[in-house]
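*Asks:* Here you go, protein_29.pdb (PDB, C-alpha atoms):
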ATOM      1  CA  MET W   1     142.668 130.009  91.075
ATOM      2  CA  PRO W   2     145.715 131.701  92.615
ATOM      3  CA  THR W   3     145.641 132.739  96.232
ATOM      4  CA  PRO W   4     145.899 136.515  96.543
ATOM      5  CA  PRO W   5     148.299 138.186  96.160
ATOM      6  CA  ASP W   6     150.069 135.406  94.233
ATOM      7  CA  PHE W   7     148.667 136.252  90.840
ATOM      8  CA  THR W   8     150.518 134.880  87.845
ATOM      9  CA  ALA W   9     150.781 136.325  84.376
ATOM     10  CA  GLY W  10     147.983 135.241  82.087
ATOM     11  CA  THR W  11     145.721 133.930  84.825
ATOM     12  CA  ALA W  12     142.125 135.142  84.768
ATOM     13  CA  LEU W  13     141.364 137.459  87.678
ATOM     14  CA  ALA W  14     138.373 135.919  89.378
ATOM     15  CA  ALA W  15     135.923 138.018  91.367
ATOM     16  CA  ALA W  16     136.636 135.901  94.440
ATOM     17  CA  SER W  17     140.281 137.003  94.254
ATOM     18  CA  LEU W  18     139.663 140.631  93.378
ATOM     19  CA  ASN W  19     137.167 140.969  96.213
ATOM     20  CA  LYS W  20     139.909 140.134  98.684
ATOM     21  CA  ILE W  21     141.999 143.132  97.672
ATOM     22  CA  GLY W  22     142.264 145.311 100.741
ATOM     23  CA  LEU W  23     142.828 148.812  99.368
ATOM     24  CA  TRP W  24     141.541 150.386  96.186
ATOM     25  CA  GLU W  25     142.897 153.714  95.012
ATOM     26  CA  ILE W  26     139.999 156.104  94.589
ATOM     27  CA  THR W  27     141.811 159.219  93.480
ATOM     28  CA  SER W  28     145.004 161.237  93.670
ATOM     29  CA  ALA W  29     145.706 164.925  93.166
ATOM     30  CA  SER W  30     148.717 167.205  93.332
ATOM     31  CA  PHE W  31     148.533 170.828  94.427
ATOM     32  CA  THR W  32     150.973 173.713  94.259
ATOM     33  CA  ALA W  33     151.100 176.902  96.341
ATOM     34  CA  ALA W  34     147.438 176.587  97.308
ATOM     35  CA  ALA W  35     145.632 177.751 100.433
ATOM     36  CA  PHE W  36     143.991 174.306 100.488
ATOM     37  CA  VAL W  37     143.253 171.271  98.394
ATOM     38  CA  GLN W  38     139.591 170.291  98.152
ATOM     39  CA  VAL W  39     138.784 166.750  96.982
ATOM     40  CA  ASN W  40     135.148 166.139  96.055
ATOM     41  CA  ASN W  41     133.180 162.939  95.384
ATOM     42  CA  CYS W  42     135.789 160.704  97.013
ATOM     43  CA  PHE W  43     133.556 159.114  99.683
ATOM     44  CA  SER W  44     130.645 156.922  98.664
ATOM     45  CA  SER W  45     128.640 153.916  99.737
ATOM     46  CA  SER W  46     131.177 151.701  97.950
ATOM     47  CA  TYR W  47     133.412 151.834 101.040
ATOM     48  CA  ASP W  48     132.959 152.249 104.778
ATOM     49  CA  ASN W  49     136.541 153.178 105.704
ATOM     50  CA  TYR W  50     139.307 155.074 103.940
ATOM     51  CA  ARG W  51     143.063 155.542 104.030
ATOM     52  CA  VAL W  52     144.394 158.982 103.062
ATOM     53  CA  THR W  53     148.063 159.748 102.443
ATOM     54  CA  VAL W  54     149.294 163.326 102.176
ATOM     55  CA  ASN W  55     152.836 164.475 101.399
ATOM     56  CA  LEU W  56     153.197 168.218 101.603
ATOM     57  CA  TYR W  57     155.176 171.253 102.649
ATOM     58  CA  SER W  58     154.372 174.850 103.452
ATOM     59  CA  ASP W  59     155.907 177.911 101.807
ATOM     60  CA  SER W  60     156.161 179.504 105.242
ATOM     61  CA  THR W  61     159.365 179.769 107.240
ATOM     62  CA  ALA W  62     157.312 179.574 110.421
ATOM     63  CA  GLY W  63     155.928 176.340 111.737
ATOM     64  CA  ARG W  64     152.449 175.428 110.527
ATOM     65  CA  TYR W  65     149.934 172.799 111.479
ATOM     66  CA  CYS W  66     148.029 170.794 108.936
ATOM     67  CA  HIS W  67     144.292 170.179 109.301
ATOM     68  CA  ALA W  68     141.473 168.394 107.498
ATOM     69  CA  GLN W  69     137.779 169.148 107.165
ATOM     70  CA  LEU W  70     135.063 166.848 105.856
ATOM     71  CA  SER W  71     132.837 168.395 103.222
ATOM     72  CA  ILE W  72     129.526 168.073 101.420
ATOM     73  CA  GLY W  73     129.264 169.247  97.836
ATOM     74  CA  GLY W  74     132.556 171.100  98.176
ATOM     75  CA  THR W  75     131.548 172.996 101.321
ATOM     76  CA  PRO W  76     133.599 172.062 104.365
ATOM     77  CA  THR W  77     131.886 171.338 107.658
ATOM     78  CA  THR W  78     133.404 173.540 110.372
ATOM     79  CA  THR W  79     131.611 172.379 113.514
ATOM     80  CA  GLY W  80     131.354 169.233 115.582
ATOM     81  CA  TYR W  81     135.000 168.163 115.684
ATOM     82  CA  TYR W  82     136.983 166.994 118.676
ATOM     83  CA  SER W  83     140.566 166.552 117.563
ATOM     84  CA  LYS W  84     144.091 166.785 118.871
ATOM     85  CA  SER W  85     147.585 166.102 117.569
ATOM     86  CA  LEU W  86     150.725 165.692 119.650
ATOM     87  CA  TRP W  87     154.230 165.749 118.256
ATOM     88  CA  TYR W  88     157.661 164.756 119.485
ATOM     89  CA  ASP W  89     161.262 165.542 118.529
ATOM     90  CA  LEU W  90     162.997 162.596 116.865
ATOM     91  CA  THR W  91     166.440 163.889 117.893
ATOM     92  CA  SER W  92     165.613 164.242 121.590
ATOM     93  CA  ALA W  93     166.129 161.578 124.203
ATOM     94  CA  SER W  94     163.126 162.906 126.067
ATOM     95  CA  SER W  95     159.956 160.841 126.169
ATOM     96  CA  ALA W  96     157.843 163.996 126.406
ATOM     97  CA  MET W  97     155.775 165.483 123.628
ATOM     98  CA  VAL W  98     157.024 168.897 122.479
ATOM     99  CA  ASP W  99     153.632 170.451 121.893
ATOM    100  CA  TYR W 100     150.081 169.804 120.802
ATOM    101  CA  ASP W 101     147.349 171.228 118.605
ATOM    102  CA  ILE W 102     143.673 170.996 119.553
ATOM    103  CA  GLN W 103     140.707 172.009 117.389
ATOM    104  CA  THR W 104     136.909 171.887 117.314
ATOM    105  CA  THR W 105     136.464 173.122 113.725
ATOM    106  CA  LYS W 106     138.652 170.550 111.947
ATOM    107  CA  PHE W 107     140.740 167.423 112.333
ATOM    108  CA  CYS W 108     144.329 167.934 113.527
ATOM    109  CA  LEU W 109     146.999 166.123 111.524
ATOM    110  CA  GLY W 110     150.165 167.728 112.960
ATOM    111  CA  PRO W 111     153.089 169.935 111.887
ATOM    112  CA  ILE W 112     153.893 170.156 108.186
ATOM    113  CA  GLY W 113     157.146 170.661 106.348
ATOM    114  CA  TYR W 114     158.283 174.212 105.863
ATOM    115  CA  ALA W 115     159.987 176.724 103.593
ATOM    116  CA  ASN W 116     159.286 174.711 100.435
ATOM    117  CA  THR W 117     161.841 172.109 101.439
ATOM    118  CA  GLY W 118     161.147 169.877 104.420
ATOM    119  CA  GLU W 119     158.276 167.612 103.488
ATOM    120  CA  GLY W 120     155.772 166.335 105.999
ATOM    121  CA  SER W 121     154.020 163.038 105.318
ATOM    122  CA  TYR W 122     150.763 161.898 106.865
ATOM    123  CA  SER W 123     148.766 158.749 106.707
ATOM    124  CA  PHE W 124     145.342 158.668 108.286
ATOM    125  CA  ASP W 125     142.265 156.498 108.373
ATOM    126  CA  LEU W 126     138.697 157.782 108.226
ATOM    127  CA  PHE W 127     135.922 155.554 109.514
ATOM    128  CA  TYR W 128     132.405 155.982 108.095
ATOM    129  CA  PRO W 129     132.658 159.517 106.616
ATOM    130  CA  GLN W 130     129.893 158.699 104.143
ATOM    131  CA  ALA W 131     127.556 156.988 106.589
ATOM    132  CA  THR W 132     125.089 158.971 108.685
ATOM    133  CA  ARG W 133     127.008 158.388 111.878
ATOM    134  CA  ASN W 134     130.045 159.841 113.651
ATOM    135  CA  THR W 135     133.284 159.874 111.648
ATOM    136  CA  LYS W 136     136.482 158.801 113.373
ATOM    137  CA  MET W 137     140.043 159.682 112.357
ATOM    138  CA  ASN W 138     143.442 158.298 113.343
ATOM    139  CA  ALA W 139     146.655 159.811 111.949
ATOM    140  CA  ASN W 140     150.412 159.448 112.055
ATOM    141  CA  GLY W 141     152.995 161.650 110.435
ATOM    142  CA  THR W 142     156.694 162.425 110.156
ATOM    143  CA  GLY W 143     158.740 165.182 108.599
ATOM    144  CA  LEU W 144     161.257 167.965 108.757
ATOM    145  CA  MET W 145     159.579 170.958 110.301
ATOM    146  CA  ALA W 146     160.366 174.610 110.962
ATOM    147  CA  GLY W 147     163.456 175.136 113.052
ATOM    148  CA  ALA W 148     165.085 172.044 111.498
ATOM    149  CA  TYR W 149     163.144 169.778 113.819
ATOM    150  CA  TYR W 150     162.742 166.161 112.817
ATOM    151  CA  VAL W 151     159.384 165.271 114.271
ATOM    152  CA  SER W 152     156.712 162.615 114.343
ATOM    153  CA  THR W 153     153.122 163.113 115.326
ATOM    154  CA  VAL W 154     150.133 161.135 116.528
ATOM    155  CA  SER W 155     146.608 162.450 116.089
ATOM    156  CA  GLY W 156     143.018 161.479 116.637
ATOM    157  CA  GLY W 157     139.665 163.008 115.992
ATOM    158  CA  LEU W 158     135.926 162.603 116.100
ATOM    159  CA  GLN W 159     133.393 164.348 113.867
ATOM    160  CA  THR W 160     130.216 164.192 115.889
ATOM    161  CA  GLY W 161     127.747 165.049 113.151
ATOM    162  CA  THR W 162     125.703 162.496 111.248
ATOM    163  CA  SER W 163     126.015 164.073 107.810
ATOM    164  CA  SER W 164     126.938 161.983 104.809
ATOM    165  CA  PHE W 165     130.248 163.527 103.743
ATOM    166  CA  ASP W 166     131.452 163.165 100.167
ATOM    167  CA  GLY W 167     134.719 165.106 100.250
ATOM    168  CA  ILE W 168     137.659 166.365 102.250
ATOM    169  CA  ARG W 169     139.735 169.536 102.447
ATOM    170  CA  ILE W 170     143.372 169.654 103.547
ATOM    171  CA  LEU W 171     144.514 173.044 104.800
ATOM    172  CA  PRO W 172     147.302 174.609 106.876
ATOM    173  CA  THR W 173     146.873 177.071 109.724
ATOM    174  CA  ALA W 174     148.197 179.755 107.370
ATOM    175  CA  SER W 175     150.304 180.201 104.197
ATOM    176  CA  ASN W 176     150.215 177.932 101.137
ATOM    177  CA  ILE W 177     150.857 174.238 100.691
ATOM    178  CA  THR W 178     152.322 172.115  97.908
ATOM    179  CA  GLY W 179     152.074 168.357  97.730
ATOM    180  CA  LEU W 180     150.138 165.242  96.801
ATOM    181  CA  ILE W 181     147.056 163.615  98.301
ATOM    182  CA  THR W 182     145.911 160.076  97.569
ATOM    183  CA  ILE W 183     142.713 158.479  98.867
ATOM    184  CA  TYR W 184     142.080 154.739  99.089
ATOM    185  CA  GLY W 185     139.020 152.785 100.087
ATOM    186  CA  TYR W 186     139.211 149.690 102.260
ATOM    187  CA  GLY W 187     137.572 146.762 100.491
ATOM    188  CA  LYS W 188     134.415 145.675 102.312
ATOM    189  CA  VAL W 189     133.024 142.736 100.342
TER
ATOM    190  CA  MET L 190     146.795 195.123  96.845
ATOM    191  CA  SER L 191     147.236 191.747  98.510
ATOM    192  CA  ASP L 192     148.518 188.709  96.669
ATOM    193  CA  PRO L 193     145.882 186.445  95.141
ATOM    194  CA  ILE L 194     144.964 183.325  97.087
ATOM    195  CA  TYR L 195     144.589 180.068  95.199
ATOM    196  CA  GLY L 196     142.844 176.820  95.993
ATOM    197  CA  THR L 197     143.089 173.434  94.297
ATOM    198  CA  PHE L 198     139.840 171.583  93.579
ATOM    199  CA  HIS L 199     139.836 167.945  92.557
ATOM    200  CA  ASP L 200     136.843 165.856  91.523
ATOM    201  CA  ALA L 201     137.419 162.163  92.224
ATOM    202  CA  ARG L 202     134.554 161.208  89.905
ATOM    203  CA  THR L 203     135.937 162.917  86.813
ATOM    204  CA  GLY L 204     139.617 163.074  87.746
ATOM    205  CA  GLU L 205     139.662 166.783  86.936
ATOM    206  CA  THR L 206     141.901 169.074  88.974
ATOM    207  CA  VAL L 207     141.567 172.847  88.827
ATOM    208  CA  THR L 208     143.676 175.436  90.623
ATOM    209  CA  ARG L 209     142.099 178.865  90.599
ATOM    210  CA  GLU L 210     142.016 182.127  92.494
ATOM    211  CA  LEU L 211     139.560 182.010  95.377
ATOM    212  CA  THR L 212     136.481 184.180  95.335
ATOM    213  CA  PRO L 213     136.001 186.815  98.065
ATOM    214  CA  GLU L 214     133.356 184.544  99.612
ATOM    215  CA  GLU L 215     135.734 181.588  99.682
ATOM    216  CA  ILE L 216     138.489 183.717 101.209
ATOM    217  CA  ALA L 217     136.099 185.010 103.858
ATOM    218  CA  ALA L 218     135.219 181.410 104.744
ATOM    219  CA  LEU L 219     138.858 180.442 105.358
ATOM    220  CA  PRO L 220     139.763 179.868 108.994
ATOM    221  CA  GLU L 221     141.553 182.643 110.794
ATOM    222  CA  PRO L 222     145.330 182.093 110.552
ATOM    223  CA  GLY L 223     146.592 180.112 113.495
ATOM    224  CA  GLU L 224     149.615 180.816 115.598
ATOM    225  CA  PRO L 225     152.972 179.435 114.426
ATOM    226  CA  LEU L 226     154.087 176.351 116.232
ATOM    227  CA  THR L 227     155.897 176.764 119.491
ATOM    228  CA  PRO L 228     158.750 176.662 120.346
ATOM    229  CA  PHE L 229     159.513 177.856 116.830
ATOM    230  CA  ILE L 230     160.337 181.489 116.129
ATOM    231  CA  PRO L 231     157.343 183.335 114.666
ATOM    232  CA  GLU L 232     157.632 184.946 111.252
TER
END
What is this structure when it is put down as structure tokens?

*Replies:*
Amino acid sequence: MPTPPDFTAGTALAAASLNKIGLWEITSASFTAAAFVQVNNCFSSSYDNYRVTVNLYSDSTAGRYCHAQLSIGGTPTTTGYYSKSLWYDLTSASSAMVDYDIQTTKFCLGPIGYANTGEGSYSFDLFYPQATRNTKMNANGTGLMAGAYYVSTVSGGLQTGTSSFDGIRILPTASNITGLITIYGYGKV
Amino acid sequence: MSDPIYGTFHDARTGETVTRELTPEEIAALPEPGEPLTPFIPE
């Protein structure tokens, strides 16, 4: 049996090898000029932890923040969050953060790309969204933002409820977004 | 009359993606628009 990931053509894929695969793609969806993208039935008991990647831009010429809300049956939960994102200018020699976003109704991801051009990209982990315990979130992102800023962001968040979430909504502070979201589950065998 | 507002809905179980105009109830449930980022120039 080959040692993952050194599979060879024609070799049977044994369960012992497949079970060592770290990330499984659950779903992916593109969205265009939408107020939000709502992904349902993406969290289940098959996984404990998830990786979400989002590449998107806003149609606004003003700077916008991107947020996420956990949902149940397509209805987002809007209470019980403690979340903050901080972002810094990649062209500045300063070690200081430029600004921050703090929310109690959603997770903060950070600034998003603007004016249908500069794309912002985020990668974040969600820990136990489907289990009846607190959900934790860690995020990083980078992109070209309003004002021709090249920025990166760091974010964290806690959802203090004990609901069993089965979906997620990605939304900006205002305006519409266009992009692609992909959700993976961390293997837990 | 204001422009229609759309949302994209994706079902991971079926793979189906639908983009449609939001209902008045869904629009009412949207968060209040936030302030533009500082130090950027507002719209």

*Asks:* Written as a list in words, what is the full residue list that the ChimeraX specification (/L :<8) & /W yields on the file shown?

*Replies:*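 Output from the ChimeraX specification (/L :<8) & /W, applied to this file: Ile26, Thr27, Ser28, Ala29, Phe31, Thr32, Ala33, Ala34, Ala35, Phe36, Val37, Gln38, Val39, Asn40, Asn41, Cys42, Thr61, Ala62, Gly63, Arg64, Tyr65, Asp99, Pro111, Ala146, Gly147, Thr173 and Ala174 of chain W.
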
*Asks:* I would like the residues chosen by the PyMOL selection byres ((chain W and resi 20) around 8) on the shown file; could you give them as a tab-separated table (two decimals) with C-alpha atoms, keeping the file's coordinate frame?

*Replies:*
chain	number	residue	atom	x	y	z
W	4	PRO	CA	145.90	136.51	96.54
W	16	ALA	CA	136.64	135.90	94.44
W	17	SER	CA	140.28	137.00	94.25
W	18	LEU	CA	139.66	140.63	93.38
W	19	ASN	CA	137.17	140.97	96.21
W	21	ILE	CA	142.00	143.13	97.67
W	22	GLY	CA	142.26	145.31	100.74
W	187	GLY	CA	137.57	146.76	100.49
W	189	VAL	CA	133.02	142.74	100.34

*Asks:* Would you write out, as JSON, numbers by chain, every residue that the PyMOL selection byres ((chain W and resi 149-159) around 8) captures in this file?

*Replies:* {"W": [80, 81, 82, 83, 84, 85, 86, 87, 88, 89, 90, 91, 107, 108, 109, 110, 111, 134, 135, 136, 137, 138, 139, 140, 141, 142, 143, 144, 145, 146, 147, 148, 160, 161]}

*Asks:* Take the selection from the previous step and output its residues with C-alpha atoms, as a compact mmCIF listing (two decimals), in the frame of the given file.

*Replies:*
# COMPACT_ATOMS: atom_id res chain seq x y z
CA GLY W 80 131.35 169.23 115.58
CA TYR W 81 135.00 168.16 115.68
CA TYR W 82 136.98 166.99 118.68
CA SER W 83 140.57 166.55 117.56
CA LYS W 84 144.09 166.78 118.87
CA SER W 85 147.58 166.10 117.57
CA LEU W 86 150.72 165.69 119.65
CA TRP W 87 154.23 165.75 118.26
CA TYR W 88 157.66 164.76 119.48
CA ASP W 89 161.26 165.54 118.53
CA LEU W 90 163.00 162.60 116.86
CA THR W 91 166.44 163.89 117.89
CA PHE W 107 140.74 167.42 112.33
CA CYS W 108 144.33 167.93 113.53
CA LEU W 109 147.00 166.12 111.52
CA GLY W 110 150.16 167.73 112.96
CA PRO W 111 153.09 169.94 111.89
CA ASN W 134 130.04 159.84 113.65
CA THR W 135 133.28 159.87 111.65
CA LYS W 136 136.48 158.80 113.37
CA MET W 137 140.04 159.68 112.36
CA ASN W 138 143.44 158.30 113.34
CA ALA W 139 146.66 159.81 111.95
CA ASN W 140 150.41 159.45 112.06
CA GLY W 141 153.00 161.65 110.44
CA THR W 142 156.69 162.43 110.16
CA GLY W 143 158.74 165.18 108.60
CA LEU W 144 161.26 167.96 108.76
CA MET W 145 159.58 170.96 110.30
CA ALA W 146 160.37 174.61 110.96
CA GLY W 147 163.46 175.14 113.05
CA ALA W 148 165.08 172.04 111.50
CA THR W 160 130.22 164.19 115.89
CA GLY W 161 127.75 165.05 113.15

*Asks:* How many Å lie between CA of Pro213 in chain L and CA of Ala115 in chain W, rounded to one decimal?

*Replies:* 26.6 Å

*Asks:* Put the listed atoms of range 63-82 of chain W in a box along x, y and z with 3 Å added on every side and give me the centre and edge lengths in Å to one decimal, as AutoDock Vina command-line options.

*Replies:*
--center_x 142.6 --center_y 171.6 --center_z 108.3 --size_x 32.7 --size_y 15.5 --size_z 26.8

*Asks:* Quick check, in Å to one decimal: how far apart do CA of Ser121 in chain W and CA of Ser163 in chain W lie?

*Replies:*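 These atoms are spaced 28.1 Å apart.
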
*Asks:* Take CA of Tyr122 in chain W and CA of Thr79 in chain W and report the distance between them in Å, one decimal.

*Replies:*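 Going from CA of Tyr122 in chain W over to CA of Thr79 in chain W covers 22.8 Å.
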
*Asks:* Supply range 60-76 of chain W as a PDB file, in the frame of the given file, with N, CA, C and O atoms built in where the input has gaps.

*Replies:*
ATOM      1  N   SER W  60     155.848 178.623 104.120  1.00  0.00           N
ATOM      2  CA  SER W  60     156.161 179.504 105.242  1.00  0.00           C
ATOM      3  C   SER W  60     157.457 179.074 105.917  1.00  0.00           C
ATOM      4  O   SER W  60     157.793 177.894 105.971  1.00  0.00           O
ATOM      5  N   THR W  61     158.174 180.077 106.450  1.00  0.00           N
ATOM      6  CA  THR W  61     159.365 179.769 107.240  1.00  0.00           C
ATOM      7  C   THR W  61     159.026 179.624 108.719  1.00  0.00           C
ATOM      8  O   THR W  61     159.900 179.328 109.526  1.00  0.00           O
ATOM      9  N   ALA W  62     157.777 179.843 109.055  1.00  0.00           N
ATOM     10  CA  ALA W  62     157.312 179.574 110.421  1.00  0.00           C
ATOM     11  C   ALA W  62     156.658 178.194 110.456  1.00  0.00           C
ATOM     12  O   ALA W  62     156.266 177.654 109.432  1.00  0.00           O
ATOM     13  N   GLY W  63     156.561 177.639 111.621  1.00  0.00           N
ATOM     14  CA  GLY W  63     155.928 176.340 111.737  1.00  0.00           C
ATOM     15  C   GLY W  63     154.428 176.432 111.503  1.00  0.00           C
ATOM     16  O   GLY W  63     153.773 177.375 111.954  1.00  0.00           O
ATOM     17  N   ARG W  64     153.894 175.459 110.783  1.00  0.00           N
ATOM     18  CA  ARG W  64     152.449 175.428 110.527  1.00  0.00           C
ATOM     19  C   ARG W  64     151.893 174.061 110.873  1.00  0.00           C
ATOM     20  O   ARG W  64     152.566 173.042 110.701  1.00  0.00           O
ATOM     21  N   TYR W  65     150.632 174.057 111.298  1.00  0.00           N
ATOM     22  CA  TYR W  65     149.934 172.799 111.479  1.00  0.00           C
ATOM     23  C   TYR W  65     149.092 172.501 110.248  1.00  0.00           C
ATOM     24  O   TYR W  65     148.656 173.405 109.532  1.00  0.00           O
ATOM     25  N   CYS W  66     148.875 171.230 110.039  1.00  0.00           N
ATOM     26  CA  CYS W  66     148.029 170.794 108.936  1.00  0.00           C
ATOM     27  C   CYS W  66     146.716 170.261 109.516  1.00  0.00           C
ATOM     28  O   CYS W  66     146.713 169.587 110.542  1.00  0.00           O
ATOM     29  N   HIS W  67     145.613 170.587 108.841  1.00  0.00           N
ATOM     30  CA  HIS W  67     144.292 170.179 109.301  1.00  0.00           C
ATOM     31  C   HIS W  67     143.491 169.572 108.153  1.00  0.00           C
ATOM     32  O   HIS W  67     143.871 169.699 106.979  1.00  0.00           O
ATOM     33  N   ALA W  68     142.383 168.957 108.500  1.00  0.00           N
ATOM     34  CA  ALA W  68     141.473 168.394 107.498  1.00  0.00           C
ATOM     35  C   ALA W  68     140.041 168.663 107.919  1.00  0.00           C
ATOM     36  O   ALA W  68     139.719 168.626 109.111  1.00  0.00           O
ATOM     37  N   GLN W  69     139.201 168.955 106.926  1.00  0.00           N
ATOM     38  CA  GLN W  69     137.779 169.148 107.165  1.00  0.00           C
ATOM     39  C   GLN W  69     136.988 168.269 106.209  1.00  0.00           C
ATOM     40  O   GLN W  69     137.298 168.214 105.011  1.00  0.00           O
ATOM     41  N   LEU W  70     135.960 167.602 106.713  1.00  0.00           N
ATOM     42  CA  LEU W  70     135.063 166.848 105.856  1.00  0.00           C
ATOM     43  C   LEU W  70     134.104 167.817 105.177  1.00  0.00           C
ATOM     44  O   LEU W  70     133.785 168.881 105.724  1.00  0.00           O
ATOM     45  N   SER W  71     133.653 167.450 103.989  1.00  0.00           N
ATOM     46  CA  SER W  71     132.837 168.395 103.222  1.00  0.00           C
ATOM     47  C   SER W  71     131.668 167.692 102.552  1.00  0.00           C
ATOM     48  O   SER W  71     131.655 166.468 102.392  1.00  0.00           O
ATOM     49  N   ILE W  72     130.702 168.533 102.162  1.00  0.00           N
ATOM     50  CA  ILE W  72     129.526 168.073 101.420  1.00  0.00           C
ATOM     51  C   ILE W  72     129.358 168.992 100.228  1.00  0.00           C
ATOM     52  O   ILE W  72     129.208 170.205 100.398  1.00  0.00           O
ATOM     53  N   GLY W  73     129.416 168.434  99.034  1.00  0.00           N
ATOM     54  CA  GLY W  73     129.264 169.247  97.836  1.00  0.00           C
ATOM     55  C   GLY W  73     130.297 170.352  97.727  1.00  0.00           C
ATOM     56  O   GLY W  73     130.017 171.424  97.172  1.00  0.00           O
ATOM     57  N   GLY W  74     131.476 170.129  98.262  1.00  0.00           N
ATOM     58  CA  GLY W  74     132.556 171.100  98.176  1.00  0.00           C
ATOM     59  C   GLY W  74     132.598 172.102  99.306  1.00  0.00           C
ATOM     60  O   GLY W  74     133.527 172.897  99.401  1.00  0.00           O
ATOM     61  N   THR W  75     131.592 172.070 100.185  1.00  0.00           N
ATOM     62  CA  THR W  75     131.548 172.996 101.321  1.00  0.00           C
ATOM     63  C   THR W  75     132.010 172.289 102.583  1.00  0.00           C
ATOM     64  O   THR W  75     131.379 171.305 103.011  1.00  0.00           O
ATOM     65  N   PRO W  76     133.095 172.748 103.179  1.00  0.00           N
ATOM     66  CA  PRO W  76     133.599 172.062 104.365  1.00  0.00           C
ATOM     67  C   PRO W  76     132.700 172.284 105.578  1.00  0.00           C
ATOM     68  O   PRO W  76     132.135 173.362 105.757  1.00  0.00           O
TER      69      PRO W  76
END
